[in-house]
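> Input file: target_22.txt. Contents: compact mmCIF, C-alpha atoms.
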# COMPACT_ATOMS: atom_id res chain seq x y z
CA MET A 1 -13.55 27.59 13.98
CA THR A 2 -10.12 26.69 15.29
CA THR A 3 -7.78 25.41 12.60
CA THR A 4 -4.32 23.97 13.20
CA ASN A 5 -2.32 22.60 10.27
CA GLY A 6 -5.43 23.11 8.14
CA VAL A 7 -7.31 20.65 10.36
CA ASN A 8 -10.57 21.85 11.93
CA VAL A 9 -9.82 21.10 15.58
CA ASP A 10 -13.42 21.54 16.79
CA GLN A 11 -14.62 19.01 14.22
CA LEU A 12 -11.75 16.67 15.15
CA THR A 13 -12.73 16.82 18.82
CA GLU A 14 -16.40 16.25 17.95
CA THR A 15 -15.52 13.24 15.79
CA ILE A 16 -13.38 11.71 18.53
CA ASP A 17 -16.14 12.27 21.12
CA ALA A 18 -18.82 10.83 18.81
CA ILE A 19 -16.81 7.64 18.21
CA ASP A 20 -15.95 7.39 21.88
CA ASP A 21 -19.69 7.62 22.74
CA GLN A 22 -20.82 5.29 19.95
CA PRO A 23 -17.99 2.95 18.86
CA THR A 24 -19.94 1.63 15.84
CA ALA A 25 -19.44 5.06 14.21
CA GLY A 26 -15.74 4.18 14.08
CA GLN A 27 -16.26 0.85 12.29
CA PHE A 28 -15.09 1.24 8.69
CA ARG A 29 -14.83 -1.25 5.88
CA PHE A 30 -12.73 -0.18 2.90
CA TYR A 31 -12.91 -1.62 -0.61
CA ALA A 32 -10.78 -1.75 -3.74
CA GLU A 33 -11.16 -3.63 -7.00
CA THR A 34 -8.22 -4.42 -9.26
CA GLU A 35 -8.59 -5.42 -12.89
CA TRP A 36 -5.73 -6.94 -14.83
CA THR A 37 -5.54 -5.31 -18.25
CA ASP A 38 -2.62 -7.00 -20.04
CA ALA A 39 0.89 -8.25 -19.31
CA LEU A 40 1.84 -6.70 -15.92
CA HIS A 41 -0.57 -3.74 -16.14
CA CYS A 42 -3.62 -3.36 -13.95
CA VAL A 43 -5.94 -0.68 -12.70
CA THR A 44 -7.53 -0.45 -9.27
CA THR A 45 -10.77 1.43 -8.68
CA ILE A 46 -11.92 2.76 -5.32
CA ASP A 47 -15.33 4.41 -5.01
CA GLU A 48 -17.04 3.36 -1.79
CA PHE A 49 -16.62 2.38 1.84
CA ASP A 50 -18.84 1.44 4.76
CA GLN A 51 -19.18 3.31 8.02
CA ALA A 52 -21.17 1.52 10.74
CA ASP A 53 -22.33 -1.00 8.09
CA GLU A 54 -23.74 1.79 5.92
CA ARG A 55 -22.48 2.01 2.35
CA ILE A 56 -21.11 5.40 1.33
CA GLN A 57 -20.60 5.97 -2.40
CA THR A 58 -17.90 8.49 -3.30
CA ARG A 59 -16.17 9.76 -6.41
CA GLU A 60 -14.10 7.11 -8.11
CA PHE A 61 -10.32 6.96 -7.97
CA ARG A 62 -8.15 4.95 -10.33
CA ILE A 63 -4.69 3.71 -9.40
CA GLU A 64 -2.62 2.06 -12.11
CA GLY A 65 -0.03 -0.62 -11.54
CA ASP A 66 2.86 -1.90 -13.66
CA GLU A 67 6.43 -3.08 -13.19
CA PRO A 68 9.62 -1.41 -14.40
CA GLU A 69 11.33 -2.82 -17.51
CA GLU A 70 13.89 -4.55 -15.23
CA ILE A 71 10.97 -6.61 -13.85
CA LEU A 72 9.42 -7.26 -17.29
CA GLY A 73 6.97 -4.36 -17.27
CA GLU A 74 6.81 -1.05 -19.13
CA ARG A 75 7.01 1.38 -16.18
CA THR A 76 3.70 3.00 -17.04
CA ALA A 77 2.89 3.11 -13.30
CA PRO A 78 4.49 2.31 -9.93
CA ASN A 79 4.57 -1.30 -8.80
CA ALA A 80 2.88 -2.83 -5.77
CA VAL A 81 5.78 -2.51 -3.34
CA GLU A 82 6.23 1.15 -4.30
CA LEU A 83 2.50 1.67 -3.69
CA LEU A 84 2.98 0.19 -0.23
CA LEU A 85 5.61 2.86 0.55
CA ALA A 86 3.19 5.52 -0.77
CA ALA A 87 0.49 4.16 1.53
CA LEU A 88 2.87 4.35 4.49
CA GLY A 89 3.84 7.96 3.70
CA SER A 90 0.20 8.91 3.20
CA CYS A 91 -0.72 7.35 6.55
CA LEU A 92 2.06 9.10 8.45
CA SER A 93 1.18 12.41 6.81
CA VAL A 94 -2.40 12.17 8.13
CA GLY A 95 -1.15 10.91 11.49
CA TYR A 96 1.29 13.77 12.01
CA ALA A 97 -1.04 16.51 10.74
CA ALA A 98 -4.06 15.35 12.76
CA ASN A 99 -2.26 14.47 15.99
CA ALA A 100 -0.23 17.68 15.88
CA ALA A 101 -3.49 19.60 15.48
CA ALA A 102 -4.99 17.76 18.46
CA MET A 103 -1.88 18.55 20.52
CA GLY A 104 -1.78 22.20 19.46
CA ILE A 105 1.49 21.82 17.56
CA ASP A 106 1.89 23.97 14.44
CA LEU A 107 3.68 22.26 11.59
CA GLU A 108 5.29 24.40 8.91
CA GLY A 109 6.56 21.53 6.83
CA LEU A 110 6.28 17.74 6.86
CA ARG A 111 7.89 15.28 4.50
CA PHE A 112 8.72 11.56 4.56
CA GLU A 113 11.41 9.63 2.73
CA MET A 114 10.82 5.90 2.60
CA ASP A 115 12.80 3.04 1.18
CA GLY A 116 12.76 -0.72 1.41
CA ASP A 117 14.71 -3.71 0.16
CA VAL A 118 13.22 -6.54 -1.85
CA ASP A 119 15.15 -9.60 -2.98
CA LEU A 120 13.40 -10.69 -6.18
CA ARG A 121 14.45 -14.32 -5.63
CA GLY A 122 11.54 -14.58 -3.19
CA PHE A 123 8.92 -13.49 -5.73
CA LEU A 124 10.51 -15.68 -8.40
CA GLY A 125 10.45 -18.68 -6.08
CA LEU A 126 14.21 -19.24 -6.51
CA GLU A 127 15.08 -19.41 -2.81
CA GLU A 128 12.67 -20.64 -0.18
CA GLU A 129 14.53 -18.82 2.60
CA VAL A 130 14.22 -15.48 0.84
CA ARG A 131 10.98 -13.71 1.74
CA PRO A 132 8.99 -12.26 -1.17
CA GLY A 133 8.14 -9.02 0.63
CA TYR A 134 10.18 -6.23 2.13
CA GLU A 135 13.09 -7.30 4.30
CA GLU A 136 13.01 -3.94 6.07
CA ILE A 137 11.55 -0.49 5.50
CA THR A 138 13.21 2.76 6.54
CA CYS A 139 11.27 5.98 6.98
CA THR A 140 12.76 9.38 7.77
CA THR A 141 10.35 12.09 8.84
CA TYR A 142 11.35 15.72 8.22
CA ILE A 143 9.40 18.19 10.32
CA GLU A 144 9.62 21.96 10.27
CA SER A 145 8.17 23.32 13.46
CA ASP A 146 9.06 25.67 16.28
CA ALA A 147 7.57 23.29 18.85
CA GLU A 148 9.78 22.05 21.68
CA ALA A 149 11.80 18.88 21.09
CA ASP A 150 9.93 16.94 23.80
CA GLU A 151 6.57 17.89 22.27
CA LEU A 152 7.70 16.64 18.88
CA ALA A 153 9.04 13.45 20.46
CA ALA A 154 5.63 12.90 22.09
CA LEU A 155 3.93 13.58 18.73
CA ARG A 156 6.17 11.04 17.01
CA GLU A 157 5.48 8.42 19.67
CA ARG A 158 1.72 8.96 19.39
CA VAL A 159 1.73 8.86 15.59
CA GLU A 160 3.84 5.72 15.38
CA ALA A 161 1.76 3.91 18.01
CA THR A 162 -1.53 4.63 16.23
CA SER A 163 -0.56 4.46 12.53
CA PRO A 164 -2.78 1.97 10.65
CA LEU A 165 -0.01 1.37 8.10
CA ILE A 166 2.81 0.94 10.63
CA ASP A 167 0.56 -1.54 12.45
CA SER A 168 -0.42 -3.39 9.26
CA ILE A 169 3.19 -3.64 8.08
CA THR A 170 5.07 -4.37 11.30
CA ASN A 171 2.45 -6.78 12.66
CA GLU A 172 0.52 -9.66 11.16
CA VAL A 173 -2.78 -8.99 9.37
CA PRO A 174 -4.68 -12.12 8.30
CA ILE A 175 -5.70 -12.27 4.64
CA GLU A 176 -8.49 -14.61 3.63
CA THR A 177 -8.48 -15.46 -0.07
CA GLU A 178 -10.97 -17.15 -2.33
CA LEU A 179 -10.68 -18.18 -5.97
CA VAL A 180 -13.66 -18.05 -8.30
CA VAL A 181 -13.12 -19.58 -11.74
CA GLY A 182 -15.22 -18.87 -14.81
CA HIS A 183 -14.79 -20.44 -18.22
CA SER A 184 -15.01 -18.69 -21.53
CA ALA A 185 -17.92 -19.61 -23.74
CA MET G 186 8.95 -14.50 -29.17
CA THR G 187 6.53 -16.52 -27.07
CA THR G 188 3.90 -14.42 -25.35
CA THR G 189 1.38 -15.69 -22.80
CA ASN G 190 -0.99 -13.24 -21.09
CA GLY G 191 0.95 -10.47 -22.82
CA VAL G 192 4.09 -11.54 -20.93
CA ASN G 193 7.20 -12.31 -22.99
CA VAL G 194 7.94 -15.80 -21.72
CA ASP G 195 11.46 -15.97 -23.22
CA GLN G 196 12.41 -12.75 -21.48
CA LEU G 197 10.81 -14.01 -18.25
CA THR G 198 12.88 -17.19 -18.40
CA GLU G 199 16.04 -15.20 -19.16
CA THR G 200 15.40 -12.86 -16.23
CA ILE G 201 14.83 -15.76 -13.84
CA ASP G 202 18.01 -17.50 -15.05
CA ALA G 203 20.05 -14.28 -14.80
CA ILE G 204 18.97 -13.70 -11.18
CA ASP G 205 19.49 -17.36 -10.34
CA ASP G 206 23.06 -17.11 -11.72
CA GLN G 207 23.81 -13.74 -10.15
CA PRO G 208 21.59 -13.10 -7.12
CA THR G 209 22.72 -9.47 -6.78
CA ALA G 210 20.73 -8.71 -9.98
CA GLY G 211 17.63 -9.49 -7.93
CA GLN G 212 18.44 -7.03 -5.14
CA PHE G 213 16.09 -4.06 -5.44
CA ARG G 214 15.63 -1.02 -3.24
CA PHE G 215 12.45 0.97 -3.82
CA TYR G 216 11.86 4.59 -2.83
CA ALA G 217 8.95 6.94 -2.28
CA GLU G 218 8.74 10.47 -0.91
CA THR G 219 5.57 11.88 0.61
CA GLU G 220 4.99 15.59 1.11
CA TRP G 221 2.23 16.88 3.32
CA THR G 222 0.44 19.73 1.55
CA ASP G 223 -2.30 20.89 3.96
CA ALA G 224 -4.86 19.42 6.36
CA LEU G 225 -5.02 15.68 5.52
CA HIS G 226 -3.77 16.02 1.92
CA CYS G 227 -0.43 14.77 0.73
CA VAL G 228 1.30 13.76 -2.46
CA THR G 229 3.80 10.95 -2.89
CA THR G 230 6.38 10.97 -5.68
CA ILE G 231 8.14 7.90 -7.03
CA ASP G 232 10.84 8.27 -9.68
CA GLU G 233 13.75 5.94 -8.98
CA PHE G 234 14.85 2.59 -7.62
CA ASP G 235 18.10 0.68 -7.21
CA GLN G 236 18.96 -2.65 -8.80
CA ALA G 237 22.15 -4.28 -7.53
CA ASP G 238 23.04 -0.98 -5.78
CA GLU G 239 22.80 0.94 -9.05
CA ARG G 240 20.40 3.89 -9.16
CA ILE G 241 17.87 3.80 -11.99
CA GLN G 242 15.99 7.05 -12.68
CA THR G 243 12.55 6.64 -14.23
CA ARG G 244 9.59 8.82 -15.12
CA GLU G 245 7.92 10.34 -12.08
CA PHE G 246 4.62 9.14 -10.68
CA ARG G 247 2.47 11.12 -8.26
CA ILE G 248 0.03 9.49 -5.87
CA GLU G 249 -2.26 11.74 -3.87
CA GLY G 250 -3.63 10.96 -0.44
CA ASP G 251 -6.56 12.36 1.54
CA GLU G 252 -9.28 11.13 3.89
CA PRO G 253 -13.04 11.03 3.27
CA GLU G 254 -15.19 13.72 4.89
CA GLU G 255 -16.22 11.17 7.55
CA ILE G 256 -12.56 11.10 8.65
CA LEU G 257 -12.12 14.90 8.44
CA GLY G 258 -10.74 15.02 4.90
CA GLU G 259 -12.17 16.21 1.58
CA ARG G 260 -12.08 12.91 -0.37
CA THR G 261 -9.85 14.35 -3.07
CA ALA G 262 -7.91 11.05 -3.12
CA PRO G 263 -7.99 7.58 -1.54
CA ASN G 264 -6.66 7.19 1.97
CA ALA G 265 -3.70 5.12 3.11
CA VAL G 266 -5.58 1.94 3.99
CA GLU G 267 -7.35 2.03 0.62
CA LEU G 268 -3.94 2.42 -1.06
CA LEU G 269 -2.81 -0.69 0.80
CA LEU G 270 -5.68 -2.68 -0.78
CA ALA G 271 -4.72 -1.25 -4.18
CA ALA G 272 -1.13 -2.37 -3.61
CA LEU G 273 -2.35 -5.87 -2.73
CA GLY G 274 -4.50 -6.09 -5.87
CA SER G 275 -1.67 -4.77 -8.03
CA CYS G 276 0.71 -7.35 -6.57
CA LEU G 277 -1.66 -10.25 -7.12
CA SER G 278 -2.35 -9.08 -10.68
CA VAL G 279 1.36 -9.25 -11.53
CA GLY G 280 1.72 -12.52 -9.64
CA TYR G 281 -1.12 -14.27 -11.46
CA ALA G 282 -0.23 -12.92 -14.92
CA ALA G 283 3.49 -13.72 -14.65
CA ASN G 284 3.18 -17.11 -12.95
CA ALA G 285 0.41 -18.20 -15.30
CA ALA G 286 2.65 -17.25 -18.23
CA ALA G 287 5.53 -19.26 -16.73
CA MET G 288 3.19 -22.24 -16.26
CA GLY G 289 1.69 -21.96 -19.76
CA ILE G 290 -1.76 -21.03 -18.47
CA ASP G 291 -3.78 -18.63 -20.64
CA LEU G 292 -5.86 -16.14 -18.67
CA GLU G 293 -8.81 -14.50 -20.37
CA GLY G 294 -9.82 -12.37 -17.43
CA LEU G 295 -8.46 -11.59 -13.97
CA ARG G 296 -9.99 -9.38 -11.32
CA PHE G 297 -9.63 -8.96 -7.55
CA GLU G 298 -12.10 -7.65 -5.00
CA MET G 299 -10.56 -6.66 -1.71
CA ASP G 300 -11.98 -5.36 1.51
CA GLY G 301 -10.78 -4.85 5.04
CA ASP G 302 -12.09 -3.68 8.40
CA VAL G 303 -10.60 -0.83 10.38
CA ASP G 304 -11.84 0.27 13.79
CA LEU G 305 -11.00 3.97 13.95
CA ARG G 306 -10.73 3.85 17.75
CA GLY G 307 -7.24 2.43 17.23
CA PHE G 308 -6.02 5.38 15.14
CA LEU G 309 -7.72 7.84 17.49
CA GLY G 310 -6.03 6.25 20.49
CA LEU G 311 -9.40 5.67 22.22
CA GLU G 312 -8.92 1.98 23.00
CA GLU G 313 -5.53 0.43 23.61
CA GLU G 314 -6.80 -3.05 22.75
CA VAL G 315 -8.05 -1.94 19.33
CA ARG G 316 -5.34 -2.20 16.70
CA PRO G 317 -4.94 0.84 14.42
CA GLY G 318 -4.50 -1.23 11.25
CA TYR G 319 -6.64 -3.76 9.44
CA GLU G 320 -8.22 -6.42 11.60
CA GLU G 321 -8.51 -8.69 8.57
CA ILE G 322 -8.40 -8.39 4.79
CA THR G 323 -10.48 -10.47 2.39
CA CYS G 324 -9.52 -10.93 -1.25
CA THR G 325 -11.59 -12.74 -3.86
CA THR G 326 -9.83 -13.57 -7.13
CA TYR G 327 -11.98 -13.95 -10.25
CA ILE G 328 -10.24 -15.83 -13.05
CA GLU G 329 -11.54 -16.55 -16.51
CA SER G 330 -9.56 -19.39 -18.00
CA ASP G 331 -10.11 -22.73 -19.67
CA ALA G 332 -7.21 -24.28 -17.72
CA GLU G 333 -7.91 -27.33 -15.55
CA ALA G 334 -9.01 -26.76 -11.95
CA ASP G 335 -5.88 -28.39 -10.52
CA GLU G 336 -3.63 -26.18 -12.67
CA LEU G 337 -5.43 -23.08 -11.41
CA ALA G 338 -5.18 -24.34 -7.83
CA ALA G 339 -1.42 -24.78 -8.31
CA LEU G 340 -1.21 -21.28 -9.80
CA ARG G 341 -3.06 -19.82 -6.83
CA GLU G 342 -0.80 -21.62 -4.36
CA ARG G 343 2.33 -20.38 -6.15
CA VAL G 344 1.08 -16.80 -6.39
CA GLU G 345 0.02 -16.60 -2.75
CA ALA G 346 3.29 -18.16 -1.51
CA THR G 347 5.43 -15.65 -3.43
CA SER G 348 3.40 -12.45 -3.29
CA PRO G 349 5.47 -9.57 -1.85
CA LEU G 350 2.31 -7.85 -0.58
CA ILE G 351 0.74 -10.95 0.99
CA ASP G 352 4.06 -11.55 2.73
CA SER G 353 4.44 -7.93 3.85
CA ILE G 354 0.86 -7.80 5.19
CA THR G 355 0.47 -11.24 6.78
CA ASN G 356 3.96 -11.30 8.28
CA GLU G 357 6.03 -8.79 10.21
CA VAL G 358 8.19 -6.29 8.33
CA PRO G 359 10.44 -4.15 10.55
CA ILE G 360 10.19 -0.38 10.01
CA GLU G 361 13.02 1.81 11.20
CA THR G 362 12.02 5.44 11.69
CA GLU G 363 14.00 8.59 12.24
CA LEU G 364 12.81 12.12 12.99
CA VAL G 365 14.69 15.14 11.68
CA VAL G 366 13.49 18.50 13.00
CA GLY G 367 14.14 21.84 11.35
CA HIS G 368 13.08 25.23 12.65
CA SER G 369 11.64 28.08 10.62
CA ALA G 370 13.84 31.17 10.29
Will you turn the file into structure tokens for me?


Amino acid sequence: MTTTNGVNVDQLTETIDAIDDQPTAGQFRFYAETEWTDALHCVTTIDEFDQADERIQTREFRIEGDEPEEILGERTAPNAVELLLAALGSCLSVGYAANAAAMGIDLEGLRFEMDGDVDLRGFLGLEEEVRPGYEEITCTTYIESDAEADELAALRERVEATSPLIDSITNEVPIETELVVGHSA
Amino acid sequence: MTTTNGVNVDQLTETIDAIDDQPTAGQFRFYAETEWTDALHCVTTIDEFDQADERIQTREFRIEGDEPEEILGERTAPNAVELLLAALGSCLSVGYAANAAAMGIDLEGLRFEMDGDVDLRGFLGLEEEVRPGYEEITCTTYIESDAEADELAALRERVEATSPLIDSITNEVPIETELVVGHSA
């Protein structure tokens, strides 16, 4: 078994070949369910996904949400826009570790610092010209590696071009919503 | 103190007025730092943000990331695209609870089911035409409330128009990246 950056490279190659041969094996549907608890608190549960239309049950994860006191919450958990930065960092971490393994690049350290600006007037509906979401996000990647500079530049280019979170954030993803109303007894 | 949906409505009104009077009070910068640990595992820490350029230190939150076994991980934590759905649900939860409070709508229950499709060929770089991120996201909102249908429709419209996560996902957010390389001793 060949392992680079803790990633099993043989298994990685097999997975890539299997999806290349049979693209349906690469079709995933992910799920999450968020329940509002009180005030600005909520909890999201994640415990399943589909691969090639087949449901896969997994252990359950719980992710809490809240707002800081400055935004009327109690800071019992990160808020949604902070979770988005966490998702971006998590995505880039996988992208760098896996692609470096595929390219034979040993990483000794890998860390990401992200920040982004939000003007709360958008969320509060005070200014129509102010967008509710992030105006811009900055991400600095810190790599420790003895690989050549041009190899690391190629790694960066590959990771950024294929990152699901960079794509979802920098480009448009359609969201279809539905509202189902129930009445109390 | 007037409370609707657990939200202090007086404080909500004061906060909105304060930001309307002094827009800099609504300028937030959020931060997250992700550290790769091994293979496809990482941990993100969140412990501070800025309001009006002033740093506010808070308790620290840790969010772990991993991939399922089907994507070469160990399923010790949700992956990045699942975290994105959690962020969306968390955002909508705050949006519905706060806007309903501002509109005088009592909510008895509030829940969101989200899903989204990812074709892994994009992340793996197997097909240039396949995007790495979500092709589409679906979100169903379940509300329990005795409010009138047109009030709930107005609430939904307001929430969706001002949601930071709906905006960040359905529209383009620029990401500026930088790579800093260090070498081991």

> Name all residues at most 12 Å from segment 239-244 of chain G (count all atoms listed in the file; drop same-chain ones fewer than 5 positions away) and give them as a PyMOL selection string.

(chain A and resi 67-70+74-78) or (chain G and resi 209-216+230-234)

> Write out as an MDAnalysis selection string which residues come within 9 Å of segment 221-227 of chain G when counting all atoms listed in the file, dropping same-chain ones fewer than 4 positions away.

(chainID A and resid 4:8 89:90 93:95 97:98 109:112) or (chainID G and resid 248:252 257:259 261:262)

> So how many Å separate atom CA of Ile354 of chain G and atom CA of Pro23 of chain A, to one decimal?

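Distance between the two atoms: 25.6 Å.
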
> Can you tell me how far atom CA of Ala346 of chain G sits from atom CA of Ile360 of chain G, in Å to one decimal?

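Distance reported for this atom pair: 22.3 Å.
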
> Under the rule that only C-alpha atoms are counted, which of A:Ala102, A:Thr138, A:Glu82, A:Leu152 is the nearest residue to Glu14 of chain A?

A:Ala102

> Excluding same-chain residues fewer than 2 positions from Glu178 of chain A, what lies within 12 Å of it counting all atoms listed in the file, as a PyMOL selection string?

(chain A and resi 175-176+180-181) or (chain G and resi 296-299+322-328+338+341-342+345)

> Put those residues in a file: C-alpha atoms, as a compact mmCIF listing (two decimals), in the frame of the given file.


# COMPACT_ATOMS: atom_id res chain seq x y z
CA ILE A 175 -5.70 -12.27 4.64
CA GLU A 176 -8.49 -14.61 3.63
CA VAL A 180 -13.66 -18.05 -8.30
CA VAL A 181 -13.12 -19.58 -11.74
CA ARG G 296 -9.99 -9.38 -11.32
CA PHE G 297 -9.63 -8.96 -7.55
CA GLU G 298 -12.10 -7.65 -5.00
CA MET G 299 -10.56 -6.66 -1.71
CA ILE G 322 -8.40 -8.39 4.79
CA THR G 323 -10.48 -10.47 2.39
CA CYS G 324 -9.52 -10.93 -1.25
CA THR G 325 -11.59 -12.74 -3.86
CA THR G 326 -9.83 -13.57 -7.13
CA TYR G 327 -11.98 -13.95 -10.25
CA ILE G 328 -10.24 -15.83 -13.05
CA ALA G 338 -5.18 -24.34 -7.83
CA ARG G 341 -3.06 -19.82 -6.83
CA GLU G 342 -0.80 -21.62 -4.36
CA GLU G 345 0.02 -16.60 -2.75

> For chain G, which of A:Asp53, A:Glu148, A:Glu127, A:Glu35 is the closest residue, counting only C-alpha atoms?

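Ranked by minimum distance to chain G, first place goes to A:Glu35.
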
> Counting only C-alpha atoms, which residue out of G:Val266, G:Ala203, G:Ala339, G:Ala285 sits closest to chain A?

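Ranking G:Val266, G:Ala203, G:Ala339, G:Ala285 by distance to chain A, first place goes to G:Val266.
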
> Kindly list the centre and edge lengths in Å, rounded to one decimal, for the axis-aligned box that covers all listed atoms of segment 39-51 of chain A plus 3 Å on each of its six sides, as JSON.


{"center_x": -8.7, "center_y": -1.9, "center_z": -5.6, "size_x": 27.0, "size_y": 18.7, "size_z": 33.3}

> Considering all atoms listed in the file, state which residue in the set G:Val303, G:Leu277, G:Ala237, G:Ala286 is at the smallest distance from chain A.

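Smallest distance to chain A is found for G:Val303.
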